[in-house]
>>> print(open('target.txt').read())   # compact mmCIF, C-alpha atoms (C1' of nucleotides)
# COMPACT_ATOMS: atom_id res chain seq x y z
CA MET A 1 47.79 -8.34 -4.42
CA ALA A 2 45.03 -9.17 -6.85
CA ARG A 3 43.80 -11.71 -4.36
CA ARG A 4 43.75 -9.17 -1.57
CA ARG A 5 41.74 -6.67 -3.62
CA LEU A 6 39.26 -9.32 -4.58
CA THR A 7 38.68 -10.22 -0.95
CA GLN A 8 38.09 -6.63 -0.01
CA GLU A 9 35.70 -6.14 -2.88
CA GLU A 10 33.86 -9.27 -1.87
CA ARG A 11 33.59 -8.06 1.67
CA LYS A 12 32.22 -4.75 0.44
CA LYS A 13 29.69 -6.49 -1.76
CA GLU A 14 28.69 -8.74 1.11
CA THR A 15 28.00 -5.82 3.42
CA ARG A 16 26.01 -4.14 0.70
CA GLN A 17 23.99 -7.29 0.20
CA LEU A 18 23.37 -7.67 3.92
CA LEU A 19 22.14 -4.10 4.06
CA LEU A 20 19.88 -4.72 1.08
CA GLU A 21 18.40 -7.81 2.69
CA SER A 22 17.81 -5.99 5.93
CA ALA A 23 16.22 -3.13 4.01
CA VAL A 24 13.89 -5.57 2.26
CA GLU A 25 12.74 -6.94 5.58
CA THR A 26 12.45 -3.59 7.35
CA PHE A 27 10.71 -1.69 4.54
CA ALA A 28 8.26 -4.56 4.18
CA GLN A 29 7.51 -4.63 7.88
CA LEU A 30 7.25 -0.88 8.53
CA GLY A 31 6.80 0.80 5.18
CA PHE A 32 8.99 3.43 3.58
CA HIS A 33 8.44 6.19 6.14
CA GLY A 34 8.16 3.82 9.07
CA ALA A 35 11.50 2.15 8.43
CA SER A 36 14.34 4.35 9.67
CA VAL A 37 17.89 4.10 8.40
CA ASP A 38 18.92 3.38 11.96
CA LYS A 39 16.65 0.34 12.20
CA ILE A 40 17.75 -0.98 8.82
CA ALA A 41 21.41 -0.71 9.78
CA GLU A 42 20.89 -2.20 13.22
CA TYR A 43 18.96 -5.19 11.85
CA ALA A 44 21.87 -5.91 9.50
CA GLY A 45 24.35 -5.60 12.37
CA PHE A 46 25.85 -2.31 11.26
CA SER A 47 25.56 1.35 12.13
CA LYS A 48 23.95 4.15 10.18
CA GLY A 49 27.30 5.23 8.79
CA ALA A 50 27.71 1.95 6.93
CA VAL A 51 24.45 2.55 5.09
CA TYR A 52 25.56 5.96 3.89
CA ALA A 53 28.88 4.48 2.74
CA HIS A 54 26.93 2.31 0.30
CA PHE A 55 23.94 4.42 -0.58
CA ASN A 56 23.49 8.14 -1.13
CA SER A 57 20.20 8.38 0.71
CA LYS A 58 17.36 6.40 2.17
CA GLU A 59 15.44 6.78 -1.06
CA ASP A 60 18.48 5.56 -3.01
CA LEU A 61 18.50 2.41 -0.90
CA PHE A 62 14.80 1.95 -1.43
CA LEU A 63 15.13 2.32 -5.18
CA ALA A 64 18.04 -0.16 -5.19
CA ILE A 65 15.88 -2.93 -3.77
CA LEU A 66 13.04 -1.84 -6.04
CA GLU A 67 15.38 -2.41 -8.99
CA GLN A 68 16.46 -5.79 -7.61
CA GLN A 69 12.89 -6.87 -7.05
CA MET A 70 11.82 -5.72 -10.51
CA LEU A 71 14.49 -7.81 -12.24
CA LEU A 72 13.71 -10.84 -10.13
CA HIS A 73 10.01 -10.69 -10.81
CA VAL A 74 10.48 -10.29 -14.55
CA GLU A 75 12.93 -13.19 -14.53
CA ASN A 76 10.44 -15.39 -12.69
CA ILE A 77 7.70 -14.56 -15.14
CA HIS A 78 9.95 -15.38 -18.07
CA GLN A 79 10.90 -18.70 -16.54
CA VAL A 80 7.29 -19.58 -16.00
CA ILE A 81 6.40 -18.60 -19.53
CA ASP A 82 9.21 -20.38 -21.31
CA GLN A 83 8.37 -23.83 -20.03
CA GLN A 84 4.74 -24.06 -20.97
CA HIS A 85 3.20 -26.69 -23.19
CA SER A 86 -0.48 -25.88 -22.89
CA LEU A 87 -2.64 -22.99 -21.71
CA SER A 88 -4.03 -25.15 -18.94
CA HIS A 89 -0.53 -26.08 -17.82
CA PHE A 90 0.45 -22.41 -17.94
CA LEU A 91 -2.35 -21.37 -15.61
CA GLU A 92 -1.55 -24.20 -13.23
CA THR A 93 2.06 -23.10 -13.04
CA MET A 94 0.97 -19.51 -12.42
CA ASP A 95 -1.21 -20.70 -9.57
CA GLU A 96 1.69 -22.62 -8.04
CA TYR A 97 4.02 -19.66 -8.46
CA PHE A 98 1.44 -17.43 -6.83
CA HIS A 99 1.10 -19.69 -3.82
CA SER A 100 4.80 -20.25 -3.31
CA VAL A 101 5.42 -16.51 -3.31
CA ARG A 102 2.60 -15.83 -0.85
CA GLN A 103 3.39 -18.58 1.60
CA GLU A 104 7.14 -18.80 1.59
CA ASN A 105 7.83 -15.19 1.13
CA ARG A 106 5.35 -12.95 2.86
CA THR A 107 8.01 -10.29 3.11
CA TRP A 108 8.35 -9.90 -0.64
CA SER A 109 4.62 -9.60 -1.06
CA MET A 110 4.34 -6.84 1.49
CA LEU A 111 7.31 -5.10 -0.04
CA ASN A 112 5.64 -5.38 -3.40
CA MET A 113 2.60 -3.60 -2.00
CA GLU A 114 4.84 -0.94 -0.51
CA PHE A 115 6.43 -0.40 -3.92
CA LEU A 116 3.06 -0.16 -5.59
CA LEU A 117 1.91 2.53 -3.19
CA TYR A 118 5.18 4.36 -3.57
CA ALA A 119 4.86 4.17 -7.34
CA MET A 120 1.34 5.57 -7.17
CA ARG A 121 2.75 8.71 -5.54
CA GLU A 122 6.16 9.27 -7.12
CA GLU A 123 5.94 10.09 -10.79
CA SER A 124 9.41 8.87 -11.77
CA VAL A 125 8.97 5.52 -10.05
CA ARG A 126 5.43 5.24 -11.37
CA HIS A 127 6.71 5.61 -14.90
CA LYS A 128 9.40 2.97 -14.40
CA TRP A 129 6.92 0.51 -12.96
CA SER A 130 4.43 1.26 -15.69
CA THR A 131 7.01 0.38 -18.32
CA MET A 132 8.00 -2.83 -16.56
CA ILE A 133 4.42 -3.92 -16.07
CA THR A 134 3.56 -3.24 -19.68
CA GLU A 135 6.51 -5.34 -20.78
CA SER A 136 5.42 -8.20 -18.53
CA VAL A 137 1.93 -7.93 -19.95
CA GLU A 138 3.28 -8.14 -23.48
CA GLN A 139 5.39 -11.17 -22.63
CA ILE A 140 2.46 -12.95 -21.08
CA SER A 141 0.21 -11.87 -23.91
CA LYS A 142 2.54 -13.34 -26.53
CA ALA A 143 2.90 -16.57 -24.59
CA ILE A 144 -0.87 -16.95 -24.34
CA GLU A 145 -1.27 -16.21 -28.03
CA LYS A 146 1.19 -18.96 -28.92
CA LEU A 147 -0.51 -21.46 -26.65
CA MET A 148 -3.98 -20.54 -27.85
CA SER A 149 -3.18 -20.86 -31.54
CA LYS A 150 -1.65 -24.26 -30.81
CA GLU A 151 -4.88 -25.40 -29.18
CA ASN A 152 -7.27 -23.57 -31.49
CA HIS A 153 -8.71 -21.68 -28.59
CA GLU A 154 -11.03 -18.71 -28.82
CA SER A 155 -12.18 -16.08 -26.38
CA THR A 156 -14.02 -12.78 -26.22
CA LEU A 157 -11.02 -11.41 -24.33
CA SER A 158 -7.92 -10.40 -26.25
CA THR A 159 -4.65 -11.94 -25.11
CA ASN A 160 -3.62 -8.50 -23.91
CA GLU A 161 -6.73 -8.22 -21.77
CA MET A 162 -6.08 -11.69 -20.43
CA ALA A 163 -2.55 -10.77 -19.41
CA TRP A 164 -3.72 -7.67 -17.54
CA THR A 165 -6.33 -9.74 -15.78
CA ILE A 166 -3.84 -12.40 -14.76
CA LEU A 167 -1.52 -9.88 -13.11
CA SER A 168 -4.35 -7.84 -11.58
CA LEU A 169 -5.98 -10.84 -10.00
CA GLU A 170 -2.62 -11.90 -8.61
CA ASN A 171 -2.17 -8.59 -6.81
CA GLY A 172 -5.77 -8.27 -5.71
CA LEU A 173 -5.96 -11.78 -4.31
CA ALA A 174 -2.59 -11.40 -2.59
CA ILE A 175 -3.96 -8.48 -0.58
CA PHE A 176 -6.92 -10.50 0.62
CA TYR A 177 -4.75 -13.49 1.42
CA TYR A 178 -2.79 -11.37 3.85
CA ILE A 179 -5.83 -9.78 5.42
CA SER A 180 -8.22 -12.70 5.56
CA GLU A 181 -5.85 -15.61 5.05
CA ASP A 182 -7.84 -18.73 5.89
CA ARG A 183 -11.15 -17.37 4.63
CA VAL A 184 -10.05 -17.01 1.02
CA PRO A 185 -10.87 -20.19 -0.91
CA LEU A 186 -7.79 -22.32 -1.58
CA HIS A 187 -6.28 -22.14 -5.07
CA LEU A 188 -8.88 -19.62 -6.14
CA TYR A 189 -6.32 -17.90 -8.32
CA GLY A 190 -5.84 -20.84 -10.64
CA LYS A 191 -9.51 -21.75 -10.60
CA ALA A 192 -10.68 -18.26 -11.48
CA LEU A 193 -8.16 -17.99 -14.27
CA GLN A 194 -9.20 -21.35 -15.70
CA ASN A 195 -12.80 -20.18 -15.65
CA MET A 196 -11.99 -16.92 -17.30
CA LEU A 197 -9.59 -18.07 -19.96
CA LEU A 198 -10.73 -21.62 -20.67
CA SER A 199 -14.46 -21.11 -20.93
CA PRO A 200 -16.24 -24.46 -21.13
CA ARG A 201 -18.07 -25.22 -24.34
CA MET B 1 -30.91 28.05 25.25
CA ALA B 2 -31.59 24.77 23.48
CA ARG B 3 -30.98 26.58 20.23
CA ARG B 4 -27.63 27.88 21.38
CA ARG B 5 -26.39 24.45 22.45
CA LEU B 6 -27.42 22.96 19.17
CA THR B 7 -25.46 25.57 17.24
CA GLN B 8 -22.37 24.89 19.27
CA GLU B 9 -22.69 21.19 18.82
CA GLU B 10 -23.16 21.70 15.12
CA ARG B 11 -20.05 23.83 14.95
CA LYS B 12 -18.10 21.17 16.80
CA LYS B 13 -19.35 18.50 14.48
CA GLU B 14 -18.54 20.65 11.48
CA THR B 15 -14.95 21.17 12.58
CA ARG B 16 -14.62 17.47 13.22
CA GLN B 17 -15.94 16.73 9.77
CA LEU B 18 -13.59 19.26 8.17
CA LEU B 19 -10.68 17.65 9.95
CA LEU B 20 -11.81 14.21 8.83
CA GLU B 21 -12.06 15.35 5.22
CA SER B 22 -8.63 16.93 5.38
CA ALA B 23 -7.26 13.75 6.92
CA VAL B 24 -8.75 11.69 4.11
CA GLU B 25 -7.01 13.86 1.54
CA THR B 26 -3.70 14.08 3.36
CA PHE B 27 -3.41 10.43 4.35
CA ALA B 28 -4.24 9.45 0.78
CA GLN B 29 -1.65 11.78 -0.68
CA LEU B 30 1.22 11.09 1.73
CA GLY B 31 0.43 7.85 3.50
CA PHE B 32 0.04 7.25 7.22
CA HIS B 33 3.58 8.09 8.24
CA GLY B 34 4.06 10.75 5.59
CA ALA B 35 1.03 12.77 6.67
CA SER B 36 1.77 14.83 9.77
CA VAL B 37 -0.86 16.10 12.17
CA ASP B 38 0.38 19.59 11.38
CA LYS B 39 -0.29 19.22 7.67
CA ILE B 40 -3.72 17.71 8.26
CA ALA B 41 -4.69 20.58 10.55
CA GLU B 42 -3.29 23.25 8.26
CA TYR B 43 -5.06 21.86 5.19
CA ALA B 44 -8.35 22.05 7.10
CA GLY B 45 -7.60 25.62 8.16
CA PHE B 46 -6.93 24.83 11.81
CA SER B 47 -3.96 24.34 14.07
CA LYS B 48 -2.65 21.13 15.57
CA GLY B 49 -4.43 21.85 18.84
CA ALA B 50 -7.81 21.54 17.18
CA VAL B 51 -6.98 18.04 16.03
CA TYR B 52 -6.10 16.90 19.52
CA ALA B 53 -9.32 18.45 20.83
CA HIS B 54 -11.26 16.02 18.63
CA PHE B 55 -9.03 12.96 18.50
CA ASN B 56 -6.80 11.28 21.06
CA SER B 57 -3.94 10.60 18.68
CA LYS B 58 -2.94 10.50 15.06
CA GLU B 59 -3.79 6.82 14.94
CA ASP B 60 -7.18 7.53 16.47
CA LEU B 61 -7.88 9.99 13.66
CA PHE B 62 -6.75 7.45 11.10
CA LEU B 63 -9.00 4.76 12.54
CA ALA B 64 -11.92 7.20 12.56
CA ILE B 65 -11.76 7.70 8.82
CA LEU B 66 -11.13 4.00 8.36
CA GLU B 67 -14.42 3.37 10.16
CA GLN B 68 -16.20 5.99 8.03
CA GLN B 69 -14.81 4.54 4.81
CA MET B 70 -15.73 1.00 5.82
CA LEU B 71 -19.36 1.89 6.40
CA LEU B 72 -19.57 3.84 3.17
CA HIS B 73 -18.12 1.04 1.10
CA VAL B 74 -20.42 -1.55 2.59
CA GLU B 75 -23.37 0.76 1.99
CA ASN B 76 -22.38 1.25 -1.65
CA ILE B 77 -22.08 -2.49 -2.18
CA HIS B 78 -25.51 -3.04 -0.66
CA GLN B 79 -27.05 -0.40 -2.89
CA VAL B 80 -25.52 -1.95 -5.97
CA ILE B 81 -26.69 -5.40 -4.98
CA ASP B 82 -30.26 -4.49 -4.09
CA GLN B 83 -31.16 -3.09 -7.49
CA GLN B 84 -30.14 -5.93 -9.73
CA HIS B 85 -32.41 -7.79 -12.11
CA SER B 86 -29.95 -10.04 -13.90
CA LEU B 87 -26.43 -11.31 -13.42
CA SER B 88 -25.32 -9.50 -16.54
CA HIS B 89 -26.86 -6.27 -15.30
CA PHE B 90 -25.19 -6.78 -11.95
CA LEU B 91 -21.73 -7.07 -13.51
CA GLU B 92 -22.34 -4.03 -15.67
CA THR B 93 -23.29 -1.99 -12.62
CA MET B 94 -20.19 -3.20 -10.80
CA ASP B 95 -18.08 -2.10 -13.75
CA GLU B 96 -19.69 1.35 -13.71
CA TYR B 97 -19.27 1.64 -9.96
CA PHE B 98 -15.64 0.65 -10.33
CA HIS B 99 -14.97 3.32 -12.94
CA SER B 100 -16.78 6.11 -11.18
CA VAL B 101 -14.81 5.46 -8.01
CA ARG B 102 -11.47 5.37 -9.85
CA GLN B 103 -12.00 8.45 -11.97
CA GLU B 104 -13.99 10.79 -9.77
CA ASN B 105 -12.38 9.88 -6.57
CA ARG B 106 -8.76 9.01 -6.89
CA THR B 107 -8.26 10.08 -3.31
CA TRP B 108 -10.50 7.39 -1.92
CA SER B 109 -8.80 4.73 -3.96
CA MET B 110 -5.37 5.66 -2.72
CA LEU B 111 -6.69 5.85 0.80
CA ASN B 112 -8.16 2.41 0.35
CA MET B 113 -4.72 1.11 -0.58
CA GLU B 114 -3.24 2.85 2.43
CA PHE B 115 -5.79 1.16 4.66
CA LEU B 116 -5.08 -2.23 3.14
CA LEU B 117 -1.38 -1.89 3.81
CA TYR B 118 -2.06 -0.67 7.32
CA ALA B 119 -4.37 -3.60 7.90
CA MET B 120 -1.72 -6.01 6.68
CA ARG B 121 0.56 -4.81 9.48
CA GLU B 122 -1.72 -4.06 12.43
CA GLU B 123 -3.37 -7.16 13.78
CA SER B 124 -6.42 -5.43 15.33
CA VAL B 125 -7.19 -3.52 12.15
CA ARG B 126 -6.50 -6.57 10.03
CA HIS B 127 -9.08 -8.52 11.99
CA LYS B 128 -11.69 -5.78 11.61
CA TRP B 129 -11.12 -5.55 7.87
CA SER B 130 -11.18 -9.30 7.53
CA THR B 131 -14.62 -9.42 9.13
CA MET B 132 -15.94 -6.62 6.96
CA ILE B 133 -14.59 -8.14 3.77
CA THR B 134 -16.02 -11.54 4.62
CA GLU B 135 -19.42 -9.94 5.18
CA SER B 136 -19.23 -8.17 1.84
CA VAL B 137 -18.29 -11.42 0.18
CA GLU B 138 -21.28 -13.15 1.74
CA GLN B 139 -23.62 -10.38 0.61
CA ILE B 140 -22.34 -10.53 -2.94
CA SER B 141 -22.37 -14.31 -2.88
CA LYS B 142 -26.02 -14.41 -1.87
CA ALA B 143 -26.96 -11.85 -4.50
CA ILE B 144 -25.23 -13.86 -7.21
CA GLU B 145 -26.91 -17.04 -6.03
CA LYS B 146 -30.33 -15.44 -6.30
CA LEU B 147 -29.63 -14.08 -9.76
CA MET B 148 -28.16 -17.36 -10.99
CA SER B 149 -31.06 -19.49 -9.84
CA LYS B 150 -33.41 -17.07 -11.58
CA GLU B 151 -31.52 -17.51 -14.84
CA ASN B 152 -30.71 -21.19 -14.43
CA HIS B 153 -27.02 -20.46 -14.65
CA GLU B 154 -24.24 -22.87 -13.84
CA SER B 155 -20.55 -22.52 -13.18
CA THR B 156 -17.56 -24.46 -11.94
CA LEU B 157 -16.96 -21.61 -9.49
CA SER B 158 -19.03 -21.43 -6.34
CA THR B 159 -20.83 -18.16 -5.69
CA ASN B 160 -18.47 -17.60 -2.79
CA GLU B 161 -15.46 -17.99 -5.05
CA MET B 162 -17.06 -15.63 -7.54
CA ALA B 163 -17.54 -12.97 -4.89
CA TRP B 164 -13.91 -13.16 -3.76
CA THR B 165 -12.81 -12.89 -7.35
CA ILE B 166 -15.01 -9.85 -8.00
CA LEU B 167 -13.55 -7.92 -5.09
CA SER B 168 -9.98 -9.08 -5.71
CA LEU B 169 -10.04 -8.06 -9.33
CA GLU B 170 -11.43 -4.69 -8.34
CA ASN B 171 -8.49 -3.99 -6.04
CA GLY B 172 -5.88 -5.47 -8.33
CA LEU B 173 -7.05 -3.59 -11.39
CA ALA B 174 -7.35 -0.36 -9.41
CA ILE B 175 -3.63 -0.52 -8.61
CA PHE B 176 -2.70 -0.89 -12.26
CA TYR B 177 -5.08 1.88 -13.28
CA TYR B 178 -3.19 4.28 -11.10
CA ILE B 179 0.23 3.15 -12.21
CA SER B 180 -0.34 2.59 -15.91
CA GLU B 181 -3.60 4.44 -16.43
CA ASP B 182 -3.99 4.74 -20.19
CA ARG B 183 -2.36 1.40 -20.94
CA VAL B 184 -4.93 -0.71 -19.11
CA PRO B 185 -7.70 -1.74 -21.52
CA LEU B 186 -10.90 0.23 -21.00
CA HIS B 187 -13.72 -1.46 -19.10
CA LEU B 188 -11.59 -4.55 -18.60
CA TYR B 189 -13.15 -5.07 -15.19
CA GLY B 190 -16.63 -5.68 -16.51
CA LYS B 191 -15.39 -7.63 -19.50
CA ALA B 192 -13.23 -9.96 -17.44
CA LEU B 193 -16.05 -10.57 -14.98
CA GLN B 194 -18.50 -11.34 -17.77
CA ASN B 195 -16.02 -13.81 -19.19
CA MET B 196 -15.44 -15.44 -15.88
CA LEU B 197 -18.97 -15.64 -14.57
CA LEU B 198 -21.04 -15.86 -17.73
CA SER B 199 -19.12 -18.48 -19.67
CA PRO B 200 -20.44 -18.75 -23.24
CA ARG B 201 -22.02 -22.02 -24.20
C1' DG C 1 -12.79 24.59 21.32
C1' DT C 2 -8.93 26.56 19.40
C1' DC C 3 -4.75 28.93 19.64
C1' DT C 4 0.58 29.44 20.54
C1' DA C 5 4.54 27.70 22.77
C1' DT C 6 7.11 24.09 24.07
C1' DA C 7 8.63 19.64 25.51
C1' DA C 8 10.65 15.21 24.24
C1' DA C 9 11.82 12.11 20.93
C1' DG C 10 13.02 10.57 16.32
C1' DC C 11 14.42 11.48 11.86
C1' DG C 12 17.93 11.85 7.64
C1' DA C 13 22.26 13.15 6.81
C1' DT C 14 27.17 14.74 7.73
C1' DA C 15 31.90 15.09 10.06
C1' DG C 16 35.76 13.22 11.80
C1' DA C 17 38.26 9.40 14.24
C1' DC C 18 40.13 4.98 13.22
C1' DG D 1 34.50 1.06 5.08
C1' DT D 2 32.65 1.54 9.43
C1' DC D 3 32.16 3.70 13.72
C1' DT D 4 30.53 7.50 17.11
C1' DA D 5 28.98 12.02 17.75
C1' DT D 6 26.41 15.63 16.32
C1' DC D 7 23.72 18.96 13.53
C1' DG D 8 19.40 20.61 12.04
C1' DC D 9 15.01 19.63 11.27
C1' DT D 10 10.41 17.42 11.88
C1' DT D 11 7.55 14.73 14.45
C1' DT D 12 3.74 13.56 18.14
C1' DA D 13 1.81 15.18 21.97
C1' DT D 14 1.01 18.35 25.95
C1' DA D 15 0.37 22.91 28.66
C1' DG D 16 -1.56 27.04 29.31
C1' DA D 17 -3.60 31.41 27.42
C1' DC D 18 -7.91 33.00 25.61
>>> encode(input="target.txt", output="structure tokens")
Amino acid sequence: MARRRLTQEERKKETRQLLLESAVETFAQLGFHGASVDKIAEYAGFSKGAVYAHFNSKEDLFLAILEQQMLLHVENIHQVIDQQHSLSHFLETMDEYFHSVRQENRTWSMLNMEFLLYAMREESVRHKWSTMITESVEQISKAIEKLMSKENHESTLSTNEMAWTILSLENGLAIFYYISEDRVPLHLYGKALQNMLLSPR
Amino acid sequence: MARRRLTQEERKKETRQLLLESAVETFAQLGFHGASVDKIAEYAGFSKGAVYAHFNSKEDLFLAILEQQMLLHVENIHQVIDQQHSLSHFLETMDEYFHSVRQENRTWSMLNMEFLLYAMREESVRHKWSTMITESVEQISKAIEKLMSKENHESTLSTNEMAWTILSLENGLAIFYYISEDRVPLHLYGKALQNMLLSPR
DNA sequence: GTCTATAAAGCGATAGAC
DNA sequence: GTCTATCGCTTTATAGAC
């Protein structure tokens, strides 16, 4: 009996996950308004009814993947931060992380943009994002501070300002990568960061 | 007779301009899919019919303001570039330009984001934007080169890489300004650019 | 050129069968 | 839990009056 219930719960979770994955793809491709519940369901191999059995509304579904994406991004950042030995190594890893996300996972990048635009318009979501971003900035800021004190580094930028710049440049460059692709200089992200944070003396 | 025709043409142009301005506001506020032709017309004080008398479709209207915005942005960049005496002065002016656009004209910034997302999805628009951006980059690159040779400056970044970074950071920081507003350090744009391009020695 | 009316299609969401 | 059918509303776009 316990076994049977577990299987059913697993099946339910699996459907939910399939719907989430389809939603990720569809929202990224067509945007929030452009992606219909019908299309999302169809792409996952279900009907509209299945979506409304798992989520209260289209917006609810959207916010669910927003939540998922938020946690994943924060987790990635933490992983990157925790394994650093030097500031230079840190920036290199950030550059690699940046490129792997852009190239292997175009969908997530476009979805990220969609979230950003959504957050700019919806106050509640904007506030949530703002909090998450600020926390990421603080994490990065602390990590930089630790690395800098270890290396006796100095800069006219505060570590907080550096952290904001790192994340801003990531987003800004990502946009251009998708629009101009081959025209954007390779590994500019890492190079620009090195230049900004490790000023030659 | 000539006078009468001119007046009519002027009226036609005026209506068209009013519709364009309303479209700018509405698309920025609600996004491409979220903004209906009805709302755009109503906000301008007209009915839907008037819109279709001036534009073939909703997308046509969208592309018309995209064109207008493109030209304006390029013009602004040129104006900023042409009046520079030193690299430091150039970066300061860019910082001022950045802030005036963000604060006085939130609408245009959000519209800019909307365009970017649209361009990321529509191949024809993407190509147009790519060309325009590349031209802007070249303009900025040349301006920096001139200023640097005048001041005997050196850097590990090429002027081309600098230009891409300048525009990327502008977009990336703009996003965060709208989401986190008061938490983003003031005048970070100019400061970060100074640090990146004018490395202390 | 601008209006009102309307067509035709798509949307989010719900109801009821299974 | 998932389906089909359907409601009620909004959308883009067109037709015809003025």
>>> interface_residues(input="target.txt", of="chain C", to="chain B", cutoff="10 Å", atoms="all atoms listed in the file", output="PDB file with C-alpha atoms (C1' of nucleotides), in the frame of the given file")
ATOM      1  C1'  DG C   1     -12.790  24.590  21.320  1.00  0.00           C
ATOM      2  C1'  DT C   2      -8.930  26.560  19.400  1.00  0.00           C
ATOM      3  C1'  DC C   3      -4.750  28.930  19.640  1.00  0.00           C
ATOM      4  C1'  DT C   4       0.580  29.440  20.540  1.00  0.00           C
TER       5       DT C   4
END
>>> residues_around(input="target.txt", residues="DA15 in chain C", least_positions_apart="6", cutoff="12 Å", atoms="only C-alpha atoms (C1' of nucleotides)", output="VMD selection string")
(chain A and resid 49) or (chain D and resid 3 to 7)
>>> residues_around(input="target.txt", residues="range 117-124 of chain B", least_positions_apart="6", cutoff="10 Å", atoms="all atoms listed in the file", output="mmCIF file with C-alpha atoms, keeping the file's coordinate frame")
data_model
loop_
_atom_site.group_PDB
_atom_site.id
_atom_site.type_symbol
_atom_site.label_atom_id
_atom_site.label_comp_id
_atom_site.auth_asym_id
_atom_site.auth_seq_id
_atom_site.Cartn_x
_atom_site.Cartn_y
_atom_site.Cartn_z
ATOM 1 C CA ALA A 28 8.260 -4.560 4.180
ATOM 2 C CA GLN A 29 7.510 -4.630 7.880
ATOM 3 C CA LEU A 30 7.250 -0.880 8.530
ATOM 4 C CA GLY A 31 6.800 0.800 5.180
ATOM 5 C CA MET A 110 4.340 -6.840 1.490
ATOM 6 C CA MET A 113 2.600 -3.600 -2.000
ATOM 7 C CA GLU A 114 4.840 -0.940 -0.510
ATOM 8 C CA LEU A 117 1.910 2.530 -3.190
ATOM 9 C CA ILE A 175 -3.960 -8.480 -0.580
ATOM 10 C CA PHE A 176 -6.920 -10.500 0.620
ATOM 11 C CA TYR A 177 -4.750 -13.490 1.420
ATOM 12 C CA TYR A 178 -2.790 -11.370 3.850
ATOM 13 C CA ILE A 179 -5.830 -9.780 5.420
ATOM 14 C CA SER A 180 -8.220 -12.700 5.560
ATOM 15 C CA GLY B 31 0.430 7.850 3.500
ATOM 16 C CA PHE B 32 0.040 7.250 7.220
ATOM 17 C CA LEU B 111 -6.690 5.850 0.800
ATOM 18 C CA SER B 130 -11.180 -9.300 7.530
#
>>> residues_around(input="target.txt", residues="Glu170 in chain B", least_positions_apart="2", cutoff="9 Å", atoms="only C-alpha atoms (C1' of nucleotides)", output="ChimeraX atom specification")
/A:168-169,172 /B:95,98,165-168,172-175,189
>>> write_last_selection(input="target.txt", atoms="C-alpha atoms", output="mmCIF file, in the coordinates of the input")
data_model
loop_
_atom_site.group_PDB
_atom_site.id
_atom_site.type_symbol
_atom_site.label_atom_id
_atom_site.label_comp_id
_atom_site.auth_asym_id
_atom_site.auth_seq_id
_atom_site.Cartn_x
_atom_site.Cartn_y
_atom_site.Cartn_z
ATOM 1 C CA SER A 168 -4.350 -7.840 -11.580
ATOM 2 C CA LEU A 169 -5.980 -10.840 -10.000
ATOM 3 C CA GLY A 172 -5.770 -8.270 -5.710
ATOM 4 C CA ASP B 95 -18.080 -2.100 -13.750
ATOM 5 C CA PHE B 98 -15.640 0.650 -10.330
ATOM 6 C CA THR B 165 -12.810 -12.890 -7.350
ATOM 7 C CA ILE B 166 -15.010 -9.850 -8.000
ATOM 8 C CA LEU B 167 -13.550 -7.920 -5.090
ATOM 9 C CA SER B 168 -9.980 -9.080 -5.710
ATOM 10 C CA GLY B 172 -5.880 -5.470 -8.330
ATOM 11 C CA LEU B 173 -7.050 -3.590 -11.390
ATOM 12 C CA ALA B 174 -7.350 -0.360 -9.410
ATOM 13 C CA ILE B 175 -3.630 -0.520 -8.610
ATOM 14 C CA TYR B 189 -13.150 -5.070 -15.190
#
>>> closest_atom_pairs(input="target.txt", of="chain B", to="chain D", cutoff="12 Å", atoms="all atoms listed in the file", output="JSON lines")
{"residue": "B:His33", "atom": "CA", "partner": "D:DT11", "partner_atom": "C1'", "distance": 9.9}
{"residue": "B:Gly34", "atom": "CA", "partner": "D:DT11", "partner_atom": "C1'", "distance": 10.3}
{"residue": "B:Ala35", "atom": "CA", "partner": "D:DT11", "partner_atom": "C1'", "distance": 10.3}
{"residue": "B:Ser36", "atom": "CA", "partner": "D:DT11", "partner_atom": "C1'", "distance": 7.4}
{"residue": "B:Val37", "atom": "CA", "partner": "D:DT12", "partner_atom": "C1'", "distance": 8.0}
{"residue": "B:Asp38", "atom": "CA", "partner": "D:DT11", "partner_atom": "C1'", "distance": 9.2}
{"residue": "B:Lys39", "atom": "CA", "partner": "D:DT11", "partner_atom": "C1'", "distance": 11.3}
{"residue": "B:Lys48", "atom": "CA", "partner": "D:DA13", "partner_atom": "C1'", "distance": 9.8}
{"residue": "B:Gly49", "atom": "CA", "partner": "D:DT14", "partner_atom": "C1'", "distance": 9.6}
{"residue": "B:Val51", "atom": "CA", "partner": "D:DA13", "partner_atom": "C1'", "distance": 11.0}
{"residue": "B:Tyr52", "atom": "CA", "partner": "D:DA13", "partner_atom": "C1'", "distance": 8.5}
{"residue": "B:Ala53", "atom": "CA", "partner": "D:DT14", "partner_atom": "C1'", "distance": 11.5}
{"residue": "B:Phe55", "atom": "CA", "partner": "D:DA13", "partner_atom": "C1'", "distance": 11.6}
{"residue": "B:Asn56", "atom": "CA", "partner": "D:DA13", "partner_atom": "C1'", "distance": 9.5}
{"residue": "B:Ser57", "atom": "CA", "partner": "D:DA13", "partner_atom": "C1'", "distance": 8.1}
{"residue": "B:Lys58", "atom": "CA", "partner": "D:DT12", "partner_atom": "C1'", "distance": 8.0}
{"residue": "B:Glu59", "atom": "CA", "partner": "D:DT12", "partner_atom": "C1'", "distance": 10.6}
>>> atom_distance(input="target.txt", atom1="CA of Ser136 in chain B", atom2="CA of Met148 in chain B")
18.1 Å
